[in-house]
Amino acid sequence: MANVTTAQLFEEPFDADEYIERLAWRTPGGGSKGGAVAFDPKKLLEEFVNHIEELKQLDERIQRKVEKLEQQCHREAKEFAHKVQDLQRSNQVAFQHFQELDEHISYVATKVCHLGDQLEGVNTPRQRAVEAQRLMTYFNEFLDGELRSDVFNNPDKIKEAADIIQKLHLIAQELPFDRFSDVKAKIASKYHDLERQLIQEFTAAQRRGEIGRMREVAAVLLHFKGYAHCVDVYIKQCQEGAYMRNDVFEDIAILCQRVNKQVGEVFCSPETVMAKLIQSIFENKIQAHVKERLDETRNSDVEQYLKNLYDLYTRTTALAAKLSDFNLGSDKHTFLSKLIKNIFSCYLESYIDMERQYLQNRSGMILQRYYDSKNHQKRPVGTGSIQELKERIRQRTNLPLGPSIDTHGETFLSQEVVVNLLQETRHAFERCNKLSDPADLPKNAFSIFLLLVEYLCVDHIDYALEIGLSAIPSADAKNANLYFLDVVQQANTIFHLFDKQFNDHLMPLISSSPKLTECLHKKKEVIEQMEVKLDTGIDRTLNCMIGQMKHILATEQKKTDFKPEDENNVMIQYTTACSKVCAYVSKQVERVRRSMDGKNVDTVLTELGVRFHRLIHEHLQQFSYSSMGGMLAICDVAEYRRSAKDFRVPLVLQLFDTLHALCNLLVVAPDNLKQVCSGEQLTNLDRNLLHAFVQLRVDYRSARLGRHFS
């Protein structure tokens, strides 16, 4: 019972403090908190002493048991070591036996191989002798002139007969002709007869769709000279009834897809047969189709000829790309490229010349048709005549060297014409990319680009600019119609289209060649030439606008506007001249915005605004101003400044702000002149300019205003 109790006290996990506590708790009178029996330390001590004795006895028993188990473990370890040693010795003996057995097997195998070689050495000559005897027997039948053997007379044994006759045919090749001419002829006759029968059998099997029989016959014919003829027959028969659609290229793709699956099952070298089929299709069907479609339009309809050439070449190369997926040998891409070249080389050699000739004729026709629709006879530009010289001088100097050309508002620019020219050129670039040799592609593309420049930029845009410049009236013309801004607007739109085609269709063709530099230089040259004419035309148009404003001011502005007879009865907010000028300016600003884009709007409006300011500034200096007239001048300038806001150009608004401040000098009290001149807007102006404005006052002398500037 003590052992059981002790064992219970040793429950895992073991804790010494917990162990003592439980031992005390189990002892009557030993509980630390008392209980039914009062705490008795003597009983607890006695219990501890007894329990220590029990633990010592338990330790001794466990120690004896451990020693006994250790002895047993050592004994079993020795026994196991002896067993392992015995097994190792047995393994060594087995390995030695295995080596001996392996050597014996190798010896026997060597003997067997040697015996096999000896048997083969004996059997091969014997088989050859038997074969030679058999062939001599058949040879004797040909020699006698009577074929008695069943193999030559039984149609079911045609395969065996073919093997025999093929060997006899090779033997007959070595025999002297003078002694064996008859037998050689008979063997050759039988050879060709069997060859013909095999080909007929192959053809019949192909018509019946018997792939297995076709494979057998093809294997027999492989050693005959007629094997190539068998392939030709197969290729010819494959194409029978294959071209039933209107689309020959689709028919060819379907045919090759079907045959490609079959040749691998019939012939031992399917890639050769497939290549021969494709060669036959290209050299016969495709070449005939191309020749028929191109020859009928080559001399009669160049446009259709070029379209057909592009379409046929594109579809042929696309077909070749599909066919390259088949097994055609190691260099199939070169093979297909050569087939395409053989078909199209005679057409591609002259392609670019025909393309350029067609593009010239077509572009010229488009332009001529447009000018005819306008009943316009194109004027020669830059002929060197006296009239041309006068026109150029008038354009650059505004000198009145004769009346300007009246175009009745016609810009001679047509977006339809431009779209047609660009479309024709785009088609030409597409054909050029496809039909040109890679080495000639940049050069050919550049030649097409030069034609586009000639007909679009020079013959159409540049010509319209020349006519537009000629139509600009002189600066002093009255009620001039300024159509050049319409020319600018359309030319700008057209050139954006031209630039887009340059980037989208020409650049990919020349980007990696030296021709890129030439193209960019040519484009820059064309742009600069047109920009010079555009700048000239815009400058002269602005002069006309200023001239028109000057005419309005000259006819509408009266001297009494700023020096009214009745100073106390002025009812208007600004003068009639100012009202008409502002209305005209607003209209022209809107026209400029419609005609320009980007930074060009601000550039032109800045120039117009500066000239507008200069005109008003000089105009105001032509009058004398009373007190009320000065107020009216300030109102006019305020209205001009309101118009200047439409320009949306800070510089122009600043100029009119300064002019407005200058006009204050016309009405300010004499004692305040010096203070006003020192204001923020006038302090940086030239004193002479300020003085000039003050001199415009009617009271300049009487009020002795000049002393403020001395």
# chains A, B, ... in the order shown; residues from 1 in each chain; ligands from 1
$ residues_around --residues "A:Cys238" --least-positions-apart "3" --cutoff "9 Å" --atoms "only C-alpha atoms" --output "PyMOL selection string"
chain A and resi 206+233-235+241-242+255+259+277
$ write_last_selection --atoms "all heavy atoms" --output "PDB file, in the first residue's frame"
ATOM      1  N   GLN A 206      -5.022   4.805-105.461  1.00  0.00           N
ATOM      2  CA  GLN A 206      -5.233   6.202-105.065  1.00  0.00           C
ATOM      3  C   GLN A 206      -6.663   6.635-105.342  1.00  0.00           C
ATOM      4  O   GLN A 206      -7.286   7.326-104.535  1.00  0.00           O
ATOM      5  CB  GLN A 206      -4.259   7.115-105.817  1.00  0.00           C
ATOM      6  CG  GLN A 206      -4.347   8.584-105.373  1.00  0.00           C
ATOM      7  CD  GLN A 206      -3.353   9.463-106.092  1.00  0.00           C
ATOM      8  OE1 GLN A 206      -2.582   8.984-106.930  1.00  0.00           O
ATOM      9  NE2 GLN A 206      -3.358  10.744-105.795  1.00  0.00           N
ATOM     10  N   VAL A 233       2.522  11.179-110.898  1.00  0.00           N
ATOM     11  CA  VAL A 233       1.140  10.738-111.091  1.00  0.00           C
ATOM     12  C   VAL A 233       0.310  11.049-109.846  1.00  0.00           C
ATOM     13  O   VAL A 233      -0.835  11.507-109.933  1.00  0.00           O
ATOM     14  CB  VAL A 233       1.096   9.232-111.416  1.00  0.00           C
ATOM     15  CG1 VAL A 233      -0.341   8.703-111.369  1.00  0.00           C
ATOM     16  CG2 VAL A 233       1.707   8.972-112.785  1.00  0.00           C
ATOM     17  N   TYR A 234       0.894  10.801-108.692  1.00  0.00           N
ATOM     18  CA  TYR A 234       0.199  11.080-107.434  1.00  0.00           C
ATOM     19  C   TYR A 234      -0.125  12.571-107.323  1.00  0.00           C
ATOM     20  O   TYR A 234      -1.250  12.953-106.978  1.00  0.00           O
ATOM     21  CB  TYR A 234       1.071  10.641-106.266  1.00  0.00           C
ATOM     22  CG  TYR A 234       0.528  11.036-104.917  1.00  0.00           C
ATOM     23  CD1 TYR A 234      -0.513  10.336-104.329  1.00  0.00           C
ATOM     24  CD2 TYR A 234       1.052  12.125-104.237  1.00  0.00           C
ATOM     25  CE1 TYR A 234      -1.022  10.707-103.098  1.00  0.00           C
ATOM     26  CE2 TYR A 234       0.560  12.510-103.011  1.00  0.00           C
ATOM     27  CZ  TYR A 234      -0.481  11.792-102.441  1.00  0.00           C
ATOM     28  OH  TYR A 234      -0.985  12.169-101.224  1.00  0.00           O
ATOM     29  N   ILE A 235       0.849  13.412-107.648  1.00  0.00           N
ATOM     30  CA  ILE A 235       0.655  14.863-107.548  1.00  0.00           C
ATOM     31  C   ILE A 235      -0.418  15.331-108.529  1.00  0.00           C
ATOM     32  O   ILE A 235      -1.295  16.137-108.188  1.00  0.00           O
ATOM     33  CB  ILE A 235       1.989  15.588-107.808  1.00  0.00           C
ATOM     34  CG1 ILE A 235       2.946  15.342-106.629  1.00  0.00           C
ATOM     35  CG2 ILE A 235       1.782  17.073-108.026  1.00  0.00           C
ATOM     36  CD1 ILE A 235       4.339  15.864-106.847  1.00  0.00           C
ATOM     37  N   GLY A 241      -9.913  18.049-109.672  1.00  0.00           N
ATOM     38  CA  GLY A 241     -11.123  18.470-108.971  1.00  0.00           C
ATOM     39  C   GLY A 241     -10.870  19.285-107.723  1.00  0.00           C
ATOM     40  O   GLY A 241     -11.790  19.503-106.925  1.00  0.00           O
ATOM     41  N   ALA A 242      -9.607  19.730-107.514  1.00  0.00           N
ATOM     42  CA  ALA A 242      -9.295  20.475-106.287  1.00  0.00           C
ATOM     43  C   ALA A 242      -9.624  21.957-106.408  1.00  0.00           C
ATOM     44  O   ALA A 242      -9.821  22.632-105.410  1.00  0.00           O
ATOM     45  CB  ALA A 242      -7.818  20.308-105.926  1.00  0.00           C
ATOM     46  N   LEU A 255      -6.125  21.995-100.293  1.00  0.00           N
ATOM     47  CA  LEU A 255      -5.505  20.840-100.950  1.00  0.00           C
ATOM     48  C   LEU A 255      -4.226  20.413-100.231  1.00  0.00           C
ATOM     49  O   LEU A 255      -4.034  19.226 -99.929  1.00  0.00           O
ATOM     50  CB  LEU A 255      -5.197  21.198-102.410  1.00  0.00           C
ATOM     51  CG  LEU A 255      -4.303  20.212-103.182  1.00  0.00           C
ATOM     52  CD1 LEU A 255      -5.000  18.866-103.337  1.00  0.00           C
ATOM     53  CD2 LEU A 255      -3.929  20.786-104.553  1.00  0.00           C
ATOM     54  N   VAL A 259      -3.404  16.839 -98.435  1.00  0.00           N
ATOM     55  CA  VAL A 259      -2.339  15.978 -98.957  1.00  0.00           C
ATOM     56  C   VAL A 259      -1.239  15.789 -97.920  1.00  0.00           C
ATOM     57  O   VAL A 259      -0.641  14.709 -97.822  1.00  0.00           O
ATOM     58  CB  VAL A 259      -1.772  16.574-100.265  1.00  0.00           C
ATOM     59  CG1 VAL A 259      -0.557  15.790-100.736  1.00  0.00           C
ATOM     60  CG2 VAL A 259      -2.844  16.579-101.347  1.00  0.00           C
ATOM     61  N   LEU A 277       4.989  18.648-104.775  1.00  0.00           N
ATOM     62  CA  LEU A 277       3.604  19.061-104.998  1.00  0.00           C
ATOM     63  C   LEU A 277       3.497  20.586-104.994  1.00  0.00           C
ATOM     64  O   LEU A 277       2.874  21.181-105.888  1.00  0.00           O
ATOM     65  CB  LEU A 277       2.706  18.468-103.914  1.00  0.00           C
ATOM     66  CG  LEU A 277       1.275  19.029-103.840  1.00  0.00           C
ATOM     67  CD1 LEU A 277       0.502  18.656-105.103  1.00  0.00           C
ATOM     68  CD2 LEU A 277       0.552  18.534-102.599  1.00  0.00           C
TER      69      LEU A 277
END
$ residues_around --residues "stretch 281-286 of chain A" --least-positions-apart "5" --cutoff "9 Å" --atoms "only C-alpha atoms" --output "short mmCIF file (atom, residue, chain, number, x, y, z; two decimals) with all heavy atoms, in the first residue's frame"
data_model
loop_
_atom_site.label_atom_id
_atom_site.label_comp_id
_atom_site.auth_asym_id
_atom_site.auth_seq_id
_atom_site.Cartn_x
_atom_site.Cartn_y
_atom_site.Cartn_z
N GLN A 239 -4.54 16.86 -107.60
CA GLN A 239 -5.07 18.17 -107.99
C GLN A 239 -6.33 18.07 -108.83
O GLN A 239 -6.95 19.10 -109.13
CB GLN A 239 -4.00 18.95 -108.77
CG GLN A 239 -2.74 19.21 -107.94
CD GLN A 239 -1.72 20.03 -108.69
OE1 GLN A 239 -1.93 21.19 -109.01
NE2 GLN A 239 -0.59 19.41 -109.00
N VAL A 248 -8.59 30.66 -105.82
CA VAL A 248 -7.61 29.61 -106.07
C VAL A 248 -6.67 29.42 -104.89
O VAL A 248 -6.22 28.30 -104.59
CB VAL A 248 -6.81 29.93 -107.36
CG1 VAL A 248 -5.97 31.17 -107.19
CG2 VAL A 248 -5.93 28.75 -107.76
N PHE A 249 -6.38 30.51 -104.17
CA PHE A 249 -5.45 30.40 -103.03
C PHE A 249 -6.08 29.61 -101.88
O PHE A 249 -5.39 28.84 -101.21
CB PHE A 249 -5.04 31.80 -102.56
CG PHE A 249 -4.22 32.55 -103.56
CD1 PHE A 249 -4.80 33.48 -104.41
CD2 PHE A 249 -2.87 32.31 -103.67
CE1 PHE A 249 -4.05 34.17 -105.34
CE2 PHE A 249 -2.09 33.00 -104.59
CZ PHE A 249 -2.69 33.91 -105.43
N ILE A 252 -5.90 25.97 -102.85
CA ILE A 252 -4.54 25.42 -102.70
C ILE A 252 -4.25 25.12 -101.23
O ILE A 252 -3.67 24.08 -100.90
CB ILE A 252 -3.51 26.40 -103.28
CG1 ILE A 252 -3.65 26.47 -104.80
CG2 ILE A 252 -2.09 25.99 -102.89
CD1 ILE A 252 -2.82 27.55 -105.45
N LYS A 276 7.62 18.70 -103.83
CA LYS A 276 7.39 18.57 -105.28
C LYS A 276 5.96 18.98 -105.64
O LYS A 276 5.72 19.60 -106.68
CB LYS A 276 7.66 17.13 -105.71
CG LYS A 276 7.87 16.98 -107.20
CD LYS A 276 8.44 15.62 -107.55
CE LYS A 276 8.76 15.53 -109.04
NZ LYS A 276 9.32 14.21 -109.40
N LYS A 291 -0.36 35.25 -114.29
CA LYS A 291 -0.15 35.74 -115.67
C LYS A 291 -1.48 36.18 -116.29
O LYS A 291 -1.56 37.23 -116.94
CB LYS A 291 0.48 34.64 -116.51
CG LYS A 291 0.78 35.04 -117.95
CD LYS A 291 1.49 33.93 -118.68
CE LYS A 291 1.69 34.27 -120.14
NZ LYS A 291 2.48 35.50 -120.33
N THR A 316 -0.06 35.40 -102.30
CA THR A 316 0.93 34.34 -102.54
C THR A 316 1.89 34.22 -101.36
O THR A 316 2.21 33.10 -100.92
CB THR A 316 1.72 34.63 -103.83
OG1 THR A 316 0.80 34.77 -104.93
CG2 THR A 316 2.67 33.49 -104.14
N LEU A 339 10.41 30.07 -105.24
CA LEU A 339 9.22 29.83 -106.06
C LEU A 339 8.46 31.13 -106.31
O LEU A 339 8.00 31.40 -107.43
CB LEU A 339 8.29 28.82 -105.36
CG LEU A 339 8.81 27.38 -105.25
CD1 LEU A 339 7.81 26.53 -104.47
CD2 LEU A 339 9.04 26.78 -106.63
N ILE A 340 8.32 31.96 -105.26
CA ILE A 340 7.63 33.25 -105.41
C ILE A 340 8.40 34.16 -106.35
O ILE A 340 7.81 34.83 -107.22
CB ILE A 340 7.45 33.91 -104.03
CG1 ILE A 340 6.54 33.06 -103.14
CG2 ILE A 340 6.88 35.32 -104.17
CD1 ILE A 340 6.41 33.56 -101.72
N ASN A 342 10.40 33.35 -108.79
CA ASN A 342 10.30 32.89 -110.17
C ASN A 342 9.00 33.35 -110.83
O ASN A 342 8.95 33.59 -112.03
CB ASN A 342 10.38 31.36 -110.22
CG ASN A 342 11.77 30.85 -109.87
OD1 ASN A 342 12.75 31.59 -109.96
ND2 ASN A 342 11.87 29.60 -109.45
N ILE A 343 7.94 33.47 -110.03
CA ILE A 343 6.64 33.88 -110.58
C ILE A 343 6.59 35.39 -110.79
O ILE A 343 6.15 35.88 -111.84
CB ILE A 343 5.50 33.44 -109.64
CG1 ILE A 343 5.42 31.92 -109.58
CG2 ILE A 343 4.17 34.03 -110.10
CD1 ILE A 343 4.41 31.40 -108.58
#
$ residues_around --residues "A:Arg431" --least-positions-apart "4" --cutoff "9 Å" --atoms "only C-alpha atoms" --output "list in words"
Leu306, Lys307, Leu309, Tyr310, Glu355, Arg426, His427, Leu435 and Ser436 of chain A
$ write_last_selection --atoms "N, CA, C and O atoms" --output "PDB file, in the first residue's frame"
ATOM      1  N   LEU A 306      -1.730  47.474-110.869  1.00  0.00           N
ATOM      2  CA  LEU A 306      -0.987  47.616-109.614  1.00  0.00           C
ATOM      3  C   LEU A 306      -1.767  47.009-108.447  1.00  0.00           C
ATOM      4  O   LEU A 306      -1.186  46.366-107.565  1.00  0.00           O
ATOM      5  N   LYS A 307      -3.085  47.215-108.443  1.00  0.00           N
ATOM      6  CA  LYS A 307      -3.904  46.609-107.386  1.00  0.00           C
ATOM      7  C   LYS A 307      -3.843  45.088-107.462  1.00  0.00           C
ATOM      8  O   LYS A 307      -3.710  44.408-106.439  1.00  0.00           O
ATOM      9  N   LEU A 309      -1.473  43.255-108.848  1.00  0.00           N
ATOM     10  CA  LEU A 309      -0.128  42.804-108.501  1.00  0.00           C
ATOM     11  C   LEU A 309       0.058  42.762-106.987  1.00  0.00           C
ATOM     12  O   LEU A 309       0.581  41.784-106.432  1.00  0.00           O
ATOM     13  N   TYR A 310      -0.392  43.820-106.318  1.00  0.00           N
ATOM     14  CA  TYR A 310      -0.282  43.866-104.850  1.00  0.00           C
ATOM     15  C   TYR A 310      -1.100  42.756-104.204  1.00  0.00           C
ATOM     16  O   TYR A 310      -0.632  42.056-103.298  1.00  0.00           O
ATOM     17  N   GLU A 355       4.688  52.315-110.903  1.00  0.00           N
ATOM     18  CA  GLU A 355       4.075  52.979-109.749  1.00  0.00           C
ATOM     19  C   GLU A 355       4.255  54.480-109.847  1.00  0.00           C
ATOM     20  O   GLU A 355       3.304  55.259-109.651  1.00  0.00           O
ATOM     21  N   ARG A 426      -0.778  56.849-100.132  1.00  0.00           N
ATOM     22  CA  ARG A 426      -0.779  55.810 -99.095  1.00  0.00           C
ATOM     23  C   ARG A 426      -0.829  54.423 -99.728  1.00  0.00           C
ATOM     24  O   ARG A 426      -0.102  53.516 -99.309  1.00  0.00           O
ATOM     25  N   HIS A 427      -1.684  54.263-100.740  1.00  0.00           N
ATOM     26  CA  HIS A 427      -1.734  52.973-101.442  1.00  0.00           C
ATOM     27  C   HIS A 427      -0.381  52.674-102.092  1.00  0.00           C
ATOM     28  O   HIS A 427       0.070  51.514-102.097  1.00  0.00           O
ATOM     29  N   LEU A 435       6.072  45.154-102.351  1.00  0.00           N
ATOM     30  CA  LEU A 435       6.589  44.687-103.642  1.00  0.00           C
ATOM     31  C   LEU A 435       8.049  45.042-103.880  1.00  0.00           C
ATOM     32  O   LEU A 435       8.655  44.493-104.801  1.00  0.00           O
ATOM     33  N   SER A 436       8.620  45.926-103.082  1.00  0.00           N
ATOM     34  CA  SER A 436      10.019  46.328-103.299  1.00  0.00           C
ATOM     35  C   SER A 436      10.974  45.340-102.649  1.00  0.00           C
ATOM     36  O   SER A 436      10.680  44.768-101.602  1.00  0.00           O
TER      37      SER A 436
END
$ select_by_dssp --residues "stretch 287-431 of chain A" --states "helix (DSSP H, G or I)" --output "count of residues only"
100
$ residues_around --residues "A:Ala275" --least-positions-apart "3" --cutoff "9 Å" --atoms "only C-alpha atoms" --output "list in words"
Pro270, Glu271, Thr272, Ile278, Gln279, Ser280, Asn327, Leu328, Gly329, Lys332 and Phe335 of chain A
$ residues_around --residues "A:Ser414" --least-positions-apart "6" --cutoff "12 Å" --atoms "only C-alpha atoms" --output "count of residues only"
20
$ residues_around --residues "A:Leu319" --least-positions-apart "5" --cutoff "10 Å" --atoms "only C-alpha atoms" --output "ChimeraX atom specification"
/A:249-250,252-253,313-314,324,336
$ write_last_selection --atoms "N, CA and C atoms" --output "short mmCIF file (atom, residue, chain, number, x, y, z; two decimals), in the first residue's frame"
data_model
loop_
_atom_site.label_atom_id
_atom_site.label_comp_id
_atom_site.auth_asym_id
_atom_site.auth_seq_id
_atom_site.Cartn_x
_atom_site.Cartn_y
_atom_site.Cartn_z
N PHE A 249 -6.38 30.51 -104.17
CA PHE A 249 -5.45 30.40 -103.03
C PHE A 249 -6.08 29.61 -101.88
N GLU A 250 -7.36 29.79 -101.67
CA GLU A 250 -8.04 29.01 -100.63
C GLU A 250 -8.08 27.54 -101.03
N ILE A 252 -5.90 25.97 -102.85
CA ILE A 252 -4.54 25.42 -102.70
C ILE A 252 -4.25 25.12 -101.23
N ALA A 253 -4.65 26.03 -100.34
CA ALA A 253 -4.41 25.82 -98.91
C ALA A 253 -5.13 24.55 -98.41
N TYR A 313 0.49 39.23 -105.03
CA TYR A 313 1.75 39.01 -104.31
C TYR A 313 1.49 38.83 -102.82
N THR A 314 0.58 39.63 -102.28
CA THR A 314 0.25 39.51 -100.86
C THR A 314 -0.34 38.15 -100.54
N SER A 324 4.70 26.98 -95.04
CA SER A 324 5.97 26.80 -94.32
C SER A 324 5.78 26.00 -93.03
N LEU A 336 10.55 28.26 -100.73
CA LEU A 336 9.32 28.98 -101.02
C LEU A 336 9.60 30.37 -101.60
#
$ residues_around --residues "A:Gln621" --least-positions-apart "3" --cutoff "8 Å" --atoms "only C-alpha atoms" --output "NGL selection string"
:A and (617-618 or 624 or 693 or 696)
$ write_last_selection --atoms "C-alpha atoms" --output "compact mmCIF listing (two decimals), in the first residue's frame"
# COMPACT_ATOMS: atom_id res chain seq x y z
CA HIS A 617 -1.27 106.06 -80.54
CA GLU A 618 -0.30 107.90 -83.71
CA SER A 624 -5.96 118.92 -79.99
CA PHE A 693 0.88 114.26 -75.13
CA LEU A 696 -2.04 118.19 -77.36
$ atom_distance --atom1 "atom CA of A:Arg593" --atom2 "atom CA of A:Leu485"
9.9 Å
$ closest_residue --among "A:His613, A:Arg701, A:His660, A:Lys524" --to "A:Ile634" --atoms "only C-alpha atoms"
A:His660
